[in-house]
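*Asks:* One structure is given below, represented as structure tokens, and several questions about it will come after.
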Amino acid sequence: MISRDEVRHIARLARLSLTEAEVEKFTKQLSQILEHAAKIQELNLDGLEPLTHAVDRTNVMRRDEVREGLSREEALKNAPDKEGDFFRIPPIV
Amino acid sequence: MDILKLSAVDLAKELEKGSLSSKEIVEFYIQRIEKIEPQLNAFITRSFEIALEQAEEVDRRRGRGEELPSYAGVPIGLKDLIVTRDIRTTCGSKILENFIPPYDGTVAAKVKENCLPVLGKLNMDEFAMGSSNENSYFGPVRNPWDLDRVPGGSSGGSAAAVAAGEVPWALGSDTGGSIRQPASFCGIFGFKPTYGLVSRYGLIAFASSLDQIGPMTRTVEDGAALMEIIAGHDPNDATSLEVEVPKFTEEIKKDVRGLKIGVIRELTGDGIEAGVQDCFNTMLEELEQSDVIVEEVSLPSTSYALSAYYLIAPAEASSNLARYDGVRYGYRAEGVINMMELYLKTRSEGFGDEVKRRIMLGTYALSAGYYEAFYGTALKARRLIRNEYEQAFERFDLLVSPTSPTVAFKLGEKTTDPLTMYLSDVCTVSANLAGLPAASVPCGLSQGLPVGFHIIGPALKDGLVLRFARLVEELADFKLETLERF
């Protein structure tokens, strides 16, 4: 159902790094799960619109008013690393 | 007075009369928790000091003759994915092990406004992904009925704490059965409201189109009371419904005779443990004797609901959990030289195996080349499932089945095979996909373990589900034996 290379690829897309043993394990497990999930392809779904949400609501609007949010201090309180008023991160590349 | 024996609603009556103080009740439950926790592990974080302060405040205000909310002073436990200001909120994950939220989620704020002292944050499967509570970074919870068995999941801590009398009532959350299945395994009442009736603002997201907070209580009346506290429109949640919240504690007193219920054929018989089926059948007979009309109904797409669920929920999760990047809050891996490494290492060290599995499953279902075959098809199947339920509700007032195909299973029994674990959600996922209100009420014992009776209602007929649940409760006359075992 899913190959080791595909598992490596989706892990990378999802920003997860896996050991070779994990690739092995997840390939087997995800294959089993996807095989079961693929059962829905047996259904006749012609003419049905996808249902993304149980509540059919779109574009819920509110007034564009300034409201109080978190203070800078509160927003930074849980940061693993910070400098002054900023989150601190390692170099991008 | 035997505080342990009083339901939350009864505790509120005693508080009102002045025969008990909130401080006495909170102190009583703190002692219970300290005594029982070494055996159960239902709490991730205890907030006793805060609870005592809140209790003393309630007592002071009552002493001054102030008018207080109906249940003021009755303590509660919250599943650890409800964001609480200044109380650590982990979601059962290493990645949020040290997260102290700077704000209250809407439900947490309502709990506070209603003056319910918060005893602590309850254990759960990591990010609510699991059916046994064995996926918690903080260790498994044990079932008070049999310590070698799981309490169910993902709200396993909430269910065990209520069943063992560590808290009078609790809140859980339900994405595919996470309130109802543990309620069933632990012999308590659990209710998942209509999608949108309770705000999700400050509920740590797993699958946003399915997640819903709900009560986990000893009695249906307590569940109705807790619903009155937490339900209602919230401008901070765009999916929150603008509807009036019924007085659920009054709704449950109305008559239910003459109701017509449909027994879902695909969720009875084959695949259901014999003892569970027997218990369920006995309740159906008793309902018939109480002038309820019982007929069988077939919902063929039910057999596909689990497949659709295990594509849709992981797809949403893979997107929701992208926020855990080690930058703004939560765990950050050490010794990395660039951002890519920071993401990879933080997430690989911070998430457990089940969370990784679901993120990958969702990423796959959403990825180019597979989107239509998996995610797109699952969404159409979701429409089909909802249509079938809507059609069934033209003929029936409510639909019923067992809550879970089995009673509580043994710790470790299903941990090696994720698919087997997923199959234990077979009866509950449809209600989430269709956004419907659903409850689990204990209806008897099989092998000395509780069996849950599952009730699904039409959208926004939450009051009717609760009312019918109360009839099942009366007929079952179920005894929560675990209260006296600890």
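Identifiers in the structure tokens: chain A, B, ... in order shown; residue index from 1 per chain; ligand index from 1 in order shown.
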Give me the residues near Glu334 (chain B) as a ChimeraX atom specification, where near means some atom within 9 Å (using only C-alpha atoms) and where sequence neighbours in that chain fewer than 2 positions away do not count.
*Replies:* /B:332,336,342,345-346
*Asks:* Select, as a PyMOL selection string, those residues of chain A with any atom no more than 7 Å from chain B (distances computed using only C-alpha atoms).
*Replies:* chain A and resi 10-11+14-17+30+33+36-37+39-41+45+48-54+60+74+78-80+87+89-93
*Asks:* For a test of reading the model, state the distance in Å between CA of Pro314 (chain B) and CA of Gly120 (chain B), rounded to one decimal.
*Replies:*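 Here the two named atoms are 28.6 Å from each other.
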*Asks:* Counting only C-alpha atoms, which residue out of B:Leu284, B:Val292, B:Leu464, B:Leu449 sits closest to Arg257 (chain B)?
*Replies:*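 Checking each of B:Leu284, B:Val292, B:Leu464, B:Leu449 against Arg257 (chain B), counting only C-alpha atoms, the winner is B:Val292.
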*Asks:* Per DSSP on the backbone, what are the helix (DSSP H, G or I) residues of region 16-81 of chain A, as a PyMOL selection string?
*Replies:* chain A and resi 20-42+72-76
*Asks:* Identify, with DSSP run on backbone atoms, the residues in region 171-222 of chain B assigned to strand (DSSP E or B), and express the list as JSON, numbers by chain.
*Replies:* {"B": [171, 172, 173, 174, 189, 190, 191, 192, 198, 203, 212, 213, 214, 215, 216, 217]}
